[in-house]
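Asks: Sharing a structure, written as structure tokens. Questions coming.
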Amino acid sequence: MADGSTAAVQWRRRPKRLVWMLETIRQTLHDLIEFNTPSLIPAEQRPLFTQNWPEVETAFKDAIATITKNHAGLVFNLKQAGMAGPMLEMKSKSLQRCVDGLYREVQTSSPIFSLKWLKPTSKCMNTIIGSLLRTVPGLEVAKEYKDHFEVAVDVMEAAKSE
């Protein structure tokens, strides 16, 4: 009986970790789009990202609602996608480390800087969203938005070196 209770408590905690991960990705992506000292993306693209943000935010919120309401029914698929147990913990800790490094870098860097933490943070976000795509419907638009943000950052970097 105790093992069943322990397992039930652990699975109730899991949605909290998944929710935290999605909320962290959502907030970090939003902050990166809004960051403008200096801007990480070309000025002509900022309105397009801003215009599309509500759809992306809705995708994150819908995914969070799906995980929260249907977690028990998603457990098998979450395990298969590496979003349970030790894999979930590893991904969660990686995200925390990357996001902490990125925010620390943004807060302490000069106006002209290269974000060393941006690429690992983006890769970490990719693995998490990619894993959840197989299990939680609706995250495709969030992944595409994040991917195009990375392209816009790369375009900005390429323009600096011309």
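Please note that chains go A, B, ... in the order of the structure tokens, that every chain numbers its residues from 1, and that ligands are numbered from 1 in the order shown.
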Find the residues around Pro137 (chain A) up to 12 Å (only C-alpha atoms counted), leave out those fewer than 5 positions away in its own chain, and share them as a PyMOL selection string.
Replies: chain A and resi 59-67+70+74+129-132+142-143
Asks: Given only C-alpha atoms as the basis, pick out the residue of A:Leu115, A:Met21, A:Leu48, A:Met156 nearest to Ser94 (chain A).
Replies: A:Met21
Asks: Report the distance between CA of Asp100 (chain A) and CA of Phe49 (chain A) in Å, rounded to one decimal place.
Replies: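 Answer for the CA of Asp100 (chain A) to CA of Phe49 (chain A) separation: 23.6 Å.
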